[in-house]
file structure-v4.cif (mmCIF, C-alpha atoms)
data_input
loop_
_atom_site.label_atom_id
_atom_site.label_comp_id
_atom_site.auth_asym_id
_atom_site.auth_seq_id
_atom_site.Cartn_x
_atom_site.Cartn_y
_atom_site.Cartn_z
CA MET R 993 0.00 0.00 0.00
CA LEU R 994 2.79 2.42 0.97
CA LEU R 995 4.63 1.65 -2.26
CA LYS R 996 1.45 2.31 -4.22
CA ILE R 997 1.05 5.70 -2.52
CA VAL R 998 4.68 6.66 -3.14
CA ILE R 999 4.52 5.69 -6.83
CA SER R 1000 1.21 7.50 -7.36
CA VAL R 1001 2.28 10.70 -5.60
CA THR R 1002 5.56 10.68 -7.53
CA LEU R 1003 3.63 10.38 -10.80
CA LEU R 1004 1.39 13.32 -9.82
CA VAL R 1005 4.39 15.44 -8.76
CA VAL R 1006 6.20 14.68 -12.03
CA LEU R 1007 3.13 15.52 -14.14
CA ASN R 1008 2.70 18.74 -12.15
CA TRP R 1009 6.35 19.58 -12.82
CA ILE R 1010 6.00 18.84 -16.55
CA GLY R 1011 2.90 21.06 -16.58
CA ASP R 1012 4.77 23.91 -14.89
CA TRP R 1013 7.64 23.47 -17.32
CA LEU R 1014 5.32 23.58 -20.35
CA HIS R 1015 3.65 26.69 -18.90
CA LEU R 1016 6.88 28.56 -18.14
CA ARG R 1017 9.06 27.49 -21.06
CA LEU R 1018 6.60 26.92 -23.89
CA HIS R 1019 4.08 29.53 -22.67
CA VAL R 1020 1.09 27.21 -22.80
CA PRO R 1021 -1.67 29.59 -21.60
CA LEU R 1022 -2.89 27.33 -18.74
CA PRO R 1023 -1.48 26.93 -15.20
CA GLY R 1024 0.93 23.99 -14.83
CA PRO R 1025 -1.39 21.81 -12.67
CA LEU R 1026 -4.20 22.06 -15.26
CA ILE R 1027 -1.78 20.97 -18.01
CA GLY R 1028 -0.69 18.10 -15.74
CA MET R 1029 -4.37 17.21 -15.22
CA LEU R 1030 -4.94 16.98 -18.98
CA LEU R 1031 -1.77 14.85 -19.36
CA LEU R 1032 -2.99 12.46 -16.65
CA GLY R 1033 -6.39 12.36 -18.36
CA VAL R 1034 -4.76 11.26 -21.61
CA LEU R 1035 -2.54 8.70 -19.81
CA ALA R 1036 -5.46 7.26 -17.83
CA HIS R 1037 -7.45 7.05 -21.05
CA TRP R 1038 -4.90 4.52 -22.36
CA TRP R 1039 -4.50 2.49 -19.17
CA ASN R 1040 -6.62 -0.50 -18.38
CA ASP R 1041 -8.24 -0.58 -14.96
CA GLN R 1042 -5.66 -2.94 -13.49
CA SER R 1043 -2.49 -1.01 -14.21
CA ALA R 1044 -4.24 2.15 -13.01
CA GLY R 1045 -5.52 0.72 -9.71
CA GLY R 1046 -3.15 2.39 -7.23
CA VAL R 1047 -2.98 5.73 -9.03
CA GLY R 1048 -6.77 5.73 -9.28
CA GLU R 1049 -7.25 5.25 -5.53
CA VAL R 1050 -4.66 7.84 -4.52
CA SER R 1051 -5.99 10.30 -7.11
CA ALA R 1052 -9.53 9.83 -5.87
CA PHE R 1053 -8.41 10.47 -2.29
CA LEU R 1054 -6.48 13.63 -3.19
CA ALA R 1055 -9.25 14.95 -5.45
CA ARG R 1056 -11.85 14.41 -2.71
CA HIS R 1057 -9.73 16.45 -0.30
CA LEU R 1058 -8.58 19.08 -2.81
CA SER R 1059 -10.28 21.81 -0.71
CA PHE R 1060 -7.76 21.29 2.10
CA PHE R 1061 -4.83 22.32 -0.10
CA PHE R 1062 -6.53 25.67 -0.77
CA VAL R 1063 -6.56 26.68 2.91
CA PRO R 1064 -3.13 28.39 3.14
CA VAL R 1065 -3.76 30.62 0.13
CA ALA R 1066 -7.40 31.26 1.09
CA VAL R 1067 -6.46 32.53 4.56
CA GLY R 1068 -4.95 35.48 2.66
CA VAL R 1069 -8.49 36.66 1.87
CA VAL R 1070 -9.18 37.42 5.53
CA THR R 1071 -5.81 39.01 6.19
CA SER R 1072 -6.07 41.29 3.15
CA ALA R 1073 -9.59 42.50 3.99
CA ALA R 1074 -8.02 45.86 4.89
CA LEU R 1075 -7.32 46.45 1.17
CA PHE R 1076 -10.99 47.26 0.63
CA SER R 1077 -11.85 49.21 3.77
CA GLY R 1078 -13.89 51.87 1.93
CA HIS R 1079 -15.75 49.64 -0.50
CA TRP R 1080 -16.19 46.29 1.15
CA MET R 1081 -20.01 46.28 1.15
CA VAL R 1082 -20.16 47.07 -2.57
CA ILE R 1083 -17.42 44.53 -3.32
CA LEU R 1084 -19.08 41.78 -1.30
CA GLY R 1085 -22.44 42.52 -2.97
CA THR R 1086 -20.94 42.43 -6.46
CA LEU R 1087 -19.07 39.22 -5.68
CA VAL R 1088 -22.17 37.46 -4.37
CA VAL R 1089 -24.48 38.61 -7.18
CA THR R 1090 -22.14 38.02 -10.14
CA THR R 1091 -20.69 34.74 -8.86
CA LEU R 1092 -24.02 33.11 -8.03
CA LEU R 1093 -25.63 34.37 -11.25
CA ALA R 1094 -22.68 32.99 -13.25
CA CYS R 1095 -23.22 29.66 -11.49
CA VAL R 1096 -26.95 29.74 -12.37
CA ILE R 1097 -26.31 30.74 -16.00
CA VAL R 1098 -23.79 27.94 -16.58
CA ALA R 1099 -26.02 25.36 -14.87
CA TRP R 1100 -29.10 26.46 -16.81
CA SER R 1101 -27.23 26.45 -20.13
CA MET R 1102 -25.70 23.01 -19.46
CA GLN R 1103 -29.11 21.60 -18.52
CA ARG R 1104 -30.62 23.03 -21.70
CA LEU R 1105 -27.83 21.76 -23.98
CA LEU R 1106 -27.57 18.32 -22.39
CA GLY R 1107 -31.32 18.04 -22.03
CA SER R 1108 -31.95 16.81 -25.55
CA GLN R 1109 -29.86 13.72 -24.80
CA PRO R 1110 -30.91 11.04 -22.34
CA PRO R 1111 -28.99 11.28 -19.04
CA SER R 1112 -26.23 8.68 -19.09
CA GLU R 1113 -25.93 8.17 -15.38
CA GLU R 1114 -27.76 8.45 -12.11
CA PRO R 1115 -28.05 11.95 -10.64
CA VAL R 1116 -25.67 13.19 -7.98
CA ASP R 1117 -27.00 13.60 -4.46
CA LEU R 1118 -26.17 17.22 -3.65
CA ARG R 1119 -26.64 16.59 0.06
CA LEU R 1120 -23.71 14.18 -0.15
CA ASN R 1121 -21.13 16.96 0.14
CA VAL R 1122 -20.92 15.95 3.77
CA GLU R 1123 -19.05 12.79 2.83
CA GLU R 1124 -17.72 9.92 4.91
CA MET R 1125 -14.28 10.06 6.39
CA PRO R 1126 -11.93 7.75 4.43
CA MET O 485 8.83 25.73 -4.78
CA ILE O 486 10.15 22.73 -2.82
CA ALA O 487 13.45 24.52 -2.17
CA GLU O 488 11.61 27.54 -0.78
CA ALA O 489 9.44 25.28 1.34
CA VAL O 490 12.45 23.57 2.86
CA SER O 491 14.05 26.93 3.65
CA ALA O 492 11.45 27.65 6.37
CA SER O 493 12.57 25.78 9.47
CA VAL O 494 11.33 22.23 9.89
CA LEU O 495 9.83 23.04 13.30
CA GLN O 496 8.02 26.08 11.92
CA GLN O 497 6.62 24.00 9.11
CA SER O 498 5.49 21.13 11.26
CA VAL O 499 3.65 23.59 13.53
CA GLY O 500 2.06 25.48 10.61
CA ILE O 501 0.99 22.33 8.79
CA SER O 502 -0.31 20.57 11.94
CA ILE O 503 -2.41 23.57 12.95
CA THR O 504 -3.85 23.81 9.43
CA VAL O 505 -4.68 20.10 9.35
CA VAL O 506 -6.27 20.16 12.82
CA VAL O 507 -8.37 23.26 12.09
CA TYR O 508 -9.52 21.76 8.79
CA LEU O 509 -10.46 18.42 10.36
CA VAL O 510 -12.34 20.11 13.21
CA ALA O 511 -14.14 22.31 10.65
CA ARG O 512 -15.15 19.19 8.70
CA PHE O 513 -16.38 17.59 11.87
CA CYS O 514 -18.47 20.68 12.64
CA GLN O 515 -19.98 20.55 9.15
CA ARG O 516 -20.99 16.93 9.52
CA ALA O 517 -22.24 17.42 13.06
CA SER O 518 -24.29 20.56 12.37
CA GLY O 519 -25.25 20.23 8.70
CA TRP O 520 -25.37 24.05 8.61
CA ILE O 521 -24.34 25.36 5.17
CA PHE O 522 -22.08 28.09 6.56
CA ALA O 523 -20.10 25.45 8.47
CA HIS O 524 -18.16 24.72 5.27
CA PRO O 525 -14.65 23.43 6.11
CA VAL O 526 -12.84 25.94 3.86
CA LEU O 527 -14.85 28.92 5.12
CA VAL O 528 -14.51 27.91 8.78
CA SER O 529 -10.76 27.17 8.44
CA VAL O 530 -10.14 30.50 6.73
CA VAL O 531 -12.06 32.48 9.37
CA VAL O 532 -10.54 30.60 12.33
CA LEU O 533 -6.95 30.78 11.01
CA GLY O 534 -7.40 34.40 9.88
CA LEU O 535 -8.67 35.48 13.31
CA GLY O 536 -5.98 33.37 14.98
CA LEU O 537 -3.25 35.17 13.05
CA HIS O 538 -4.86 38.52 13.86
CA TRP O 539 -5.01 37.84 17.61
CA THR O 540 -1.52 36.36 17.88
CA HIS O 541 0.02 39.11 15.70
CA ILE O 542 1.57 36.50 13.40
CA SER O 543 1.92 37.87 9.88
CA TYR O 544 0.18 36.09 7.01
CA ALA O 545 3.52 35.88 5.17
CA HIS O 546 4.97 33.98 8.14
CA TYR O 547 2.00 31.57 8.25
CA PHE O 548 2.11 31.05 4.49
CA ALA O 549 5.87 30.31 4.57
CA SER O 550 5.23 27.63 7.20
CA THR O 551 2.48 25.98 5.10
CA ARG O 552 4.31 26.21 1.77
CA LEU O 553 4.32 22.43 1.48
CA VAL O 554 0.52 22.25 1.70
CA HIS O 555 0.32 24.97 -0.93
CA TYR O 556 2.86 23.13 -3.10
CA PHE O 557 0.73 19.96 -3.07
CA LEU O 558 -2.21 21.92 -4.43
CA GLY O 559 -0.50 21.34 -7.80
CA PRO O 560 -0.19 17.53 -7.70
CA ALA O 561 -3.65 17.27 -6.05
CA THR O 562 -5.13 19.22 -8.97
CA VAL O 563 -3.33 16.90 -11.40
CA ALA O 564 -5.20 14.06 -9.65
CA LEU O 565 -8.45 15.35 -11.23
CA GLY O 566 -7.04 14.01 -14.51
CA PHE O 567 -7.90 10.48 -13.47
CA PRO O 568 -11.70 10.81 -13.58
CA LEU O 569 -11.16 13.10 -16.58
CA ALA O 570 -10.37 10.03 -18.69
CA ALA O 571 -13.95 8.80 -18.28
CA THR O 572 -15.18 12.22 -19.42
CA LEU O 573 -12.86 12.22 -22.44
CA ARG O 574 -14.38 8.93 -23.56
CA ARG O 575 -17.62 10.83 -24.10
CA ALA O 576 -15.95 14.01 -25.29
CA ASN O 577 -18.19 14.67 -28.27
CA ARG O 578 -21.28 14.56 -26.05
CA VAL O 579 -19.78 16.65 -23.26
CA LEU O 580 -17.48 19.18 -24.90
CA PRO O 581 -19.83 21.29 -27.10
CA PRO O 582 -22.33 22.06 -24.28
CA LEU O 583 -19.42 22.63 -21.89
CA VAL O 584 -17.61 25.12 -24.14
CA ILE O 585 -20.82 27.09 -24.84
CA SER O 586 -21.99 27.15 -21.20
CA VAL O 587 -18.61 28.05 -19.72
CA GLY O 588 -18.26 30.74 -22.40
CA LEU O 589 -21.63 32.26 -21.43
CA GLY O 590 -20.75 32.16 -17.74
CA ALA O 591 -17.28 33.68 -18.17
CA VAL O 592 -18.52 36.47 -20.46
CA PHE O 593 -21.36 37.27 -18.05
CA SER O 594 -19.07 37.24 -15.04
CA ALA O 595 -16.52 39.60 -16.60
CA CYS O 596 -19.09 42.08 -18.00
CA ALA O 597 -21.42 42.06 -14.99
CA GLY O 598 -18.53 42.28 -12.53
CA TRP O 599 -17.04 45.32 -14.22
CA LEU O 600 -20.38 47.08 -14.86
CA MET O 601 -21.73 46.53 -11.35
CA MET O 602 -18.54 47.80 -9.70
CA ARG O 603 -18.46 50.90 -11.93
CA ALA O 604 -22.19 51.56 -11.47
CA LEU O 605 -21.76 51.41 -7.69
CA GLY O 606 -18.96 53.98 -7.82
CA VAL O 607 -15.86 51.80 -7.43
CA GLY O 608 -12.73 52.81 -9.36
CA ASP O 609 -11.46 51.24 -12.54
CA VAL O 610 -8.60 49.34 -10.90
CA LEU O 611 -10.84 47.29 -8.58
CA ALA O 612 -13.55 46.94 -11.27
CA THR O 613 -10.97 45.37 -13.60
CA ALA O 614 -9.86 43.03 -10.83
CA MET O 615 -13.52 42.00 -10.37
CA ALA O 616 -13.92 41.42 -14.12
CA ALA O 617 -11.02 38.96 -14.17
CA LYS O 618 -12.14 36.95 -11.10
CA SER O 619 -13.76 34.05 -13.03
CA ALA O 620 -10.36 32.93 -14.27
CA THR O 621 -8.33 30.74 -11.94
CA THR O 622 -6.10 32.85 -9.65
CA PRO O 623 -2.76 32.71 -11.53
CA ILE O 624 -4.46 33.45 -14.87
CA ALA O 625 -6.77 36.06 -13.33
CA ILE O 626 -3.88 38.02 -11.84
CA ARG O 627 -2.14 38.24 -15.21
CA ILE O 628 -5.31 39.17 -17.10
CA ALA O 629 -6.15 41.90 -14.55
CA GLN O 630 -2.65 43.35 -14.45
CA GLU O 631 -2.46 43.55 -18.24
CA ALA O 632 -5.81 45.36 -18.28
CA GLY O 633 -4.85 47.82 -15.53
CA GLY O 634 -6.24 45.97 -12.51
CA ASP O 635 -4.60 45.23 -9.18
CA GLY O 636 -3.01 41.78 -8.73
CA PRO O 637 -3.57 41.17 -5.00
CA SER O 638 -7.24 42.32 -5.16
CA THR O 639 -7.81 40.02 -8.13
CA ALA O 640 -6.45 37.07 -6.16
CA VAL O 641 -8.73 37.93 -3.23
CA PHE O 642 -11.80 38.20 -5.51
CA ALA O 643 -11.04 34.93 -7.31
CA ILE O 644 -10.58 33.05 -4.03
CA ALA O 645 -13.59 34.68 -2.36
CA ALA O 646 -15.72 33.70 -5.37
CA GLY O 647 -14.47 30.14 -4.92
CA ILE O 648 -15.41 30.03 -1.22
CA LEU O 649 -18.81 31.49 -2.10
CA VAL O 650 -19.46 28.76 -4.68
CA ALA O 651 -18.26 26.05 -2.29
CA VAL O 652 -20.72 27.26 0.36
CA ALA O 653 -23.71 28.40 -1.71
CA GLY O 654 -23.27 26.35 -4.89
CA PRO O 655 -24.89 23.09 -3.73
CA PRO O 656 -28.09 24.79 -2.40
CA VAL O 657 -28.34 26.91 -5.58
CA LEU O 658 -28.15 23.81 -7.79
CA ARG O 659 -30.71 22.09 -5.57
CA LEU O 660 -33.07 25.03 -6.21
CA LEU O 661 -32.50 24.62 -9.97
CA ARG O 662 -33.01 20.85 -9.65
CA ALA O 663 -29.66 20.44 -11.45
CA SER O 664 -28.35 17.15 -10.12
CA ASP O 665 -26.33 16.05 -13.17
CA ARG O 666 -22.61 15.78 -12.41
CA LEU O 667 -21.70 17.46 -15.72
CA VAL O 668 -23.93 20.45 -14.88
CA MET O 669 -22.47 20.77 -11.40
CA GLY O 670 -18.87 20.48 -12.60
CA ALA O 671 -19.34 23.14 -15.27
CA ALA O 672 -21.12 25.58 -12.95
CA PHE O 673 -18.73 25.22 -9.99
CA GLY O 674 -15.57 25.31 -12.12
CA THR O 675 -16.65 28.41 -14.04
CA ALA O 676 -18.02 30.47 -11.15
CA GLY O 677 -15.67 29.25 -8.41
CA SER O 678 -12.51 28.10 -10.27
CA GLY O 679 -10.17 26.06 -8.02
CA ILE O 680 -12.15 26.03 -4.78
CA GLY O 681 -15.37 25.48 -6.75
CA ALA O 682 -13.77 22.52 -8.50
CA ALA O 683 -12.56 21.16 -5.17
CA GLU O 684 -16.14 21.32 -3.87
CA ALA O 685 -17.39 19.52 -6.99
CA ALA O 686 -14.66 16.87 -6.58
CA SER O 687 -15.63 16.28 -2.96
CA ILE O 688 -19.20 15.52 -4.05
CA ASP O 689 -18.44 13.52 -7.20
CA GLN O 690 -15.15 12.61 -8.89
CA MET O 691 -16.31 13.13 -12.45
CA ALA O 692 -17.90 16.47 -11.53
CA GLY O 693 -14.47 17.49 -10.25
CA ALA O 694 -12.84 16.52 -13.55
CA VAL O 695 -15.43 18.46 -15.56
CA ALA O 696 -14.86 21.44 -13.24
CA GLY O 697 -11.14 21.16 -14.01
CA LEU O 698 -11.91 21.45 -17.73
CA ALA O 699 -14.27 24.35 -17.01
CA ILE O 700 -11.50 26.21 -15.14
CA GLY O 701 -9.21 25.98 -18.16
CA LEU O 702 -11.95 27.11 -20.55
CA ALA O 703 -13.11 29.95 -18.26
CA GLY O 704 -9.50 31.17 -18.05
CA LEU O 705 -9.19 31.27 -21.84
CA PHE O 706 -12.56 33.03 -22.33
CA THR O 707 -11.81 35.57 -19.58
CA ALA O 708 -8.45 36.35 -21.20
CA PHE O 709 -10.33 37.47 -24.31
CA VAL O 710 -13.33 39.14 -22.68
CA VAL O 711 -11.61 41.39 -20.12
CA PRO O 712 -9.47 43.30 -22.65
CA ALA O 713 -12.57 43.57 -24.88
CA VAL O 714 -14.61 45.08 -22.01
CA MET O 715 -11.80 47.56 -21.29
CA TRP O 716 -11.62 48.51 -24.95
CA LEU O 717 -15.41 49.00 -25.18
CA ALA O 718 -15.37 51.10 -22.00
CA LYS O 719 -12.80 53.42 -23.59
CA VAL O 720 -14.61 53.66 -26.93
CA LEU O 721 -18.13 54.24 -25.57
#
call {"tool": "encode", "arguments": {"input": "structure-v4.cif", "output": "structure tokens"}}
result
Amino acid sequence: MLLKIVISVTLLVVLNWIGDWLHLRLHVPLPGPLIGMLLLGVLAHWWNDQSAGGVGEVSAFLARHLSFFFVPVAVGVVTSAALFSGHWMVILGTLVVTTLLACVIVAWSMQRLLGSQPPSEEPVDLRLNVEEMP
Amino acid sequence: MIAEAVSASVLQQSVGISITVVVYLVARFCQRASGWIFAHPVLVSVVVLGLGLHWTHISYAHYFASTRLVHYFLGPATVALGFPLAATLRRANRVLPPLVISVGLGAVFSACAGWLMMRALGVGDVLATAMAAKSATTPIAIRIAQEAGGDGPSTAVFAIAAGILVAVAGPPVLRLLRASDRLVMGAAFGTAGSGIGAAEAASIDQMAGAVAGLAIGLAGLFTAFVVPAVMWLAKVL
């Protein structure tokens, strides 16, 4: 199990590094991790389920807990609140309105455009965001 | 990045990382125990750690240096979304056209509405431009904003705050719309909330997380075109 974790994490780190390299050196207009994500997508597309087993489990674990890795950078939002002392009500209002409306517009458009095709899988339970501990 | 991370003392890092892990786990426990939507682990962690730094007079730069390793692994953890992405790519011709159109609509709306609303409410051009760029993921958003005359740090704050907002309010909003399809959720959370939105989608459903990852990339590209266009129109009109 430990070996599986080490191999999988190494693969993810290497793909992340390749992504960063492509971004910095070849000026691919996406952040390195997103390039790495696409590379892994292409790799995983070719693998059969057996050879992918370990990487799949570790990836699923990391993806499920992706939020955690955002905490250090997100704490900066609170500590830089002073930047907007004069305008914070207006800024908060604009953020809430435009962000939630963008969310609604994308969801509505996706529903419309996918709607003509039969749904290919069972719906997601949106109350499930309180998931089980691994 | 790893070299910088190692340069902060090992003790400092173990303290910073342990505190972050403990606060996050307690926040998750509170969410599961209370079921209250505002008890979202990211929101609670950010507020608790932010207030903690404020009260102990520890600078954010100091805290961030001690948690560099956590921040570094944001990269490889994002790469991990590529795994469920393979399943999405197998149905690319069904998924991609609606995704590109929907994310495009969302990104164009977000940039235009963000800029217009800020200007209409009397906020200056620099912050309005930062708001226009917020739908792109943070590193892209900062560059787009700075090239269009916006402020980098404010852009980062807006992009991250939008992400926290989507993580907290996104699931109830989709429930109202009766949008329970994982493709719909991934597209909406990735576009409106970039990284943190995608993380929320991934915590609910793996494939939704992968679709959100695609949506982040697309939203970044659309925003890169729309923000300069909005600036240009604002000058011409």
call {"tool": "residues_around", "arguments": {"input": "structure-v4.cif", "residues": "Arg603 in chain O", "least_positions_apart": "3", "cutoff": "12 Å", "atoms": "only C-alpha atoms", "output": "PyMOL selection string"}}
result
(chain R and resi 1079+1082-1083+1086) or (chain O and resi 596-600+606-616+715+718)
call {"tool": "residues_around", "arguments": {"input": "structure-v4.cif", "residues": "Glu1049 in chain R", "least_positions_apart": "5", "cutoff": "10 Å", "atoms": "all atoms listed in the file", "output": "mmCIF file with C-alpha atoms, in the coordinates of the input"}}
result
data_model
loop_
_atom_site.group_PDB
_atom_site.id
_atom_site.type_symbol
_atom_site.label_atom_id
_atom_site.label_comp_id
_atom_site.auth_asym_id
_atom_site.auth_seq_id
_atom_site.Cartn_x
_atom_site.Cartn_y
_atom_site.Cartn_z
ATOM 1 C CA LYS R 996 1.450 2.310 -4.220
ATOM 2 C CA ILE R 997 1.050 5.700 -2.520
ATOM 3 C CA SER R 1000 1.210 7.500 -7.360
ATOM 4 C CA ALA R 1044 -4.240 2.150 -13.010
ATOM 5 C CA LEU R 1054 -6.480 13.630 -3.190
ATOM 6 C CA ALA R 1055 -9.250 14.950 -5.450
ATOM 7 C CA ALA O 564 -5.200 14.060 -9.650
ATOM 8 C CA PHE O 567 -7.900 10.480 -13.470
#
call {"tool": "resolve_selection", "arguments": {"input": "structure-v4.cif", "expression": "the PyMOL selection byres ((chain O and resi 499-513) around 8)", "output": "list in words"}}
result
Phe1060, Val1063 and Pro1064 of chain R; Leu495, Gln496, Gln497, Ser498, Cys514, Gln515, Arg516, Ala517, Ala523, His524, Pro525, Val526, Val528, Ser529, Val532, Leu533, Tyr547, Ser550, Thr551 and Val554 of chain O
call {"tool": "residues_around", "arguments": {"input": "structure-v4.cif", "residues": "Arg627 in chain O", "least_positions_apart": "5", "cutoff": "10 Å", "atoms": "all atoms listed in the file", "output": "list in words"}}
result
Ala617, Ala620, Thr622, Ala632, Gly633, Gly634, Asp635, Gly636, Thr639 and Ala708 of chain O
call {"tool": "resolve_selection", "arguments": {"input": "structure-v4.cif", "expression": "the PyMOL selection byres ((chain R) within 7 of (chain O))", "output": "compact mmCIF listing (two decimals) with C-alpha atoms, keeping the file's coordinate frame"}}
result
# COMPACT_ATOMS: atom_id res chain seq x y z
CA LEU R 1004 1.39 13.32 -9.82
CA VAL R 1005 4.39 15.44 -8.76
CA ASN R 1008 2.70 18.74 -12.15
CA LEU R 1022 -2.89 27.33 -18.74
CA PRO R 1023 -1.48 26.93 -15.20
CA PRO R 1025 -1.39 21.81 -12.67
CA LEU R 1026 -4.20 22.06 -15.26
CA GLY R 1028 -0.69 18.10 -15.74
CA MET R 1029 -4.37 17.21 -15.22
CA LEU R 1030 -4.94 16.98 -18.98
CA LEU R 1032 -2.99 12.46 -16.65
CA GLY R 1033 -6.39 12.36 -18.36
CA VAL R 1034 -4.76 11.26 -21.61
CA ALA R 1036 -5.46 7.26 -17.83
CA HIS R 1037 -7.45 7.05 -21.05
CA GLY R 1048 -6.77 5.73 -9.28
CA SER R 1051 -5.99 10.30 -7.11
CA ALA R 1052 -9.53 9.83 -5.87
CA LEU R 1054 -6.48 13.63 -3.19
CA ALA R 1055 -9.25 14.95 -5.45
CA ARG R 1056 -11.85 14.41 -2.71
CA HIS R 1057 -9.73 16.45 -0.30
CA LEU R 1058 -8.58 19.08 -2.81
CA SER R 1059 -10.28 21.81 -0.71
CA PHE R 1060 -7.76 21.29 2.10
CA PHE R 1061 -4.83 22.32 -0.10
CA PHE R 1062 -6.53 25.67 -0.77
CA VAL R 1063 -6.56 26.68 2.91
CA PRO R 1064 -3.13 28.39 3.14
CA ALA R 1066 -7.40 31.26 1.09
CA VAL R 1067 -6.46 32.53 4.56
CA GLY R 1068 -4.95 35.48 2.66
CA VAL R 1069 -8.49 36.66 1.87
CA VAL R 1070 -9.18 37.42 5.53
CA THR R 1071 -5.81 39.01 6.19
CA VAL R 1082 -20.16 47.07 -2.57
CA THR R 1086 -20.94 42.43 -6.46
CA LEU R 1087 -19.07 39.22 -5.68
CA THR R 1090 -22.14 38.02 -10.14
CA THR R 1091 -20.69 34.74 -8.86
CA ALA R 1094 -22.68 32.99 -13.25
CA CYS R 1095 -23.22 29.66 -11.49
CA ILE R 1097 -26.31 30.74 -16.00
CA VAL R 1098 -23.79 27.94 -16.58
CA ALA R 1099 -26.02 25.36 -14.87
CA SER R 1101 -27.23 26.45 -20.13
CA MET R 1102 -25.70 23.01 -19.46
CA GLN R 1103 -29.11 21.60 -18.52
CA LEU R 1105 -27.83 21.76 -23.98
CA LEU R 1106 -27.57 18.32 -22.39
CA PRO R 1115 -28.05 11.95 -10.64
CA VAL R 1116 -25.67 13.19 -7.98
CA ASP R 1117 -27.00 13.60 -4.46
CA LEU R 1118 -26.17 17.22 -3.65
CA LEU R 1120 -23.71 14.18 -0.15
CA ASN R 1121 -21.13 16.96 0.14
CA VAL R 1122 -20.92 15.95 3.77
call {"tool": "closest_residue", "arguments": {"input": "structure-v4.cif", "among": "R:Val1096, R:Gly1046, R:Arg1104, R:Leu1035", "to": "Leu995 in chain R", "atoms": "all atoms listed in the file"}}
result
R:Gly1046
call {"tool": "atom_distance", "arguments": {"input": "structure-v4.cif", "atom1": "CA of Leu1093 in chain R", "atom2": "CA of Pro1021 in chain R"}}
result
26.5 Å
call {"tool": "atom_distance", "arguments": {"input": "structure-v4.cif", "atom1": "CA of Ala699 in chain O", "atom2": "CA of Ala625 in chain O"}}
result
14.4 Å
call {"tool": "atom_distance", "arguments": {"input": "structure-v4.cif", "atom1": "CA of Trp1038 in chain R", "atom2": "CA of Val695 in chain O"}}
result
18.7 Å
call {"tool": "build_atoms", "arguments": {"input": "structure-v4.cif", "residues": "range 993-1006 of chain R", "atoms": "N, CA and C atoms", "output": "short mmCIF file (atom, residue, chain, number, x, y, z; two decimals), in the coordinates of the input"}}
result
data_model
loop_
_atom_site.label_atom_id
_atom_site.label_comp_id
_atom_site.auth_asym_id
_atom_site.auth_seq_id
_atom_site.Cartn_x
_atom_site.Cartn_y
_atom_site.Cartn_z
N MET R 993 0.83 -1.21 0.00
CA MET R 993 0.00 0.00 0.00
C MET R 993 0.87 1.26 0.00
N LEU R 994 1.91 1.25 0.88
CA LEU R 994 2.79 2.42 0.97
C LEU R 994 3.48 2.66 -0.37
N LEU R 995 3.94 1.54 -0.98
CA LEU R 995 4.63 1.65 -2.26
C LEU R 995 3.70 2.27 -3.31
N LYS R 996 2.45 1.81 -3.28
CA LYS R 996 1.45 2.31 -4.22
C LYS R 996 1.27 3.83 -4.06
N ILE R 997 1.23 4.26 -2.79
CA ILE R 997 1.05 5.70 -2.52
C ILE R 997 2.25 6.48 -3.04
N VAL R 998 3.46 5.95 -2.74
CA VAL R 998 4.68 6.66 -3.14
C VAL R 998 4.74 6.78 -4.67
N ILE R 999 4.47 5.66 -5.36
CA ILE R 999 4.52 5.69 -6.83
C ILE R 999 3.49 6.68 -7.38
N SER R 1000 2.26 6.63 -6.85
CA SER R 1000 1.21 7.50 -7.36
C SER R 1000 1.52 8.97 -7.14
N VAL R 1001 1.98 9.30 -5.90
CA VAL R 1001 2.28 10.70 -5.60
C VAL R 1001 3.43 11.18 -6.48
N THR R 1002 4.44 10.30 -6.67
CA THR R 1002 5.56 10.68 -7.53
C THR R 1002 5.07 11.00 -8.94
N LEU R 1003 4.17 10.15 -9.45
CA LEU R 1003 3.63 10.38 -10.80
C LEU R 1003 2.93 11.75 -10.85
N LEU R 1004 2.12 12.05 -9.83
CA LEU R 1004 1.39 13.32 -9.82
C LEU R 1004 2.35 14.51 -9.74
N VAL R 1005 3.41 14.36 -8.89
CA VAL R 1005 4.39 15.44 -8.76
C VAL R 1005 5.11 15.66 -10.09
N VAL R 1006 5.48 14.56 -10.76
CA VAL R 1006 6.20 14.68 -12.03
C VAL R 1006 5.30 15.33 -13.08
#
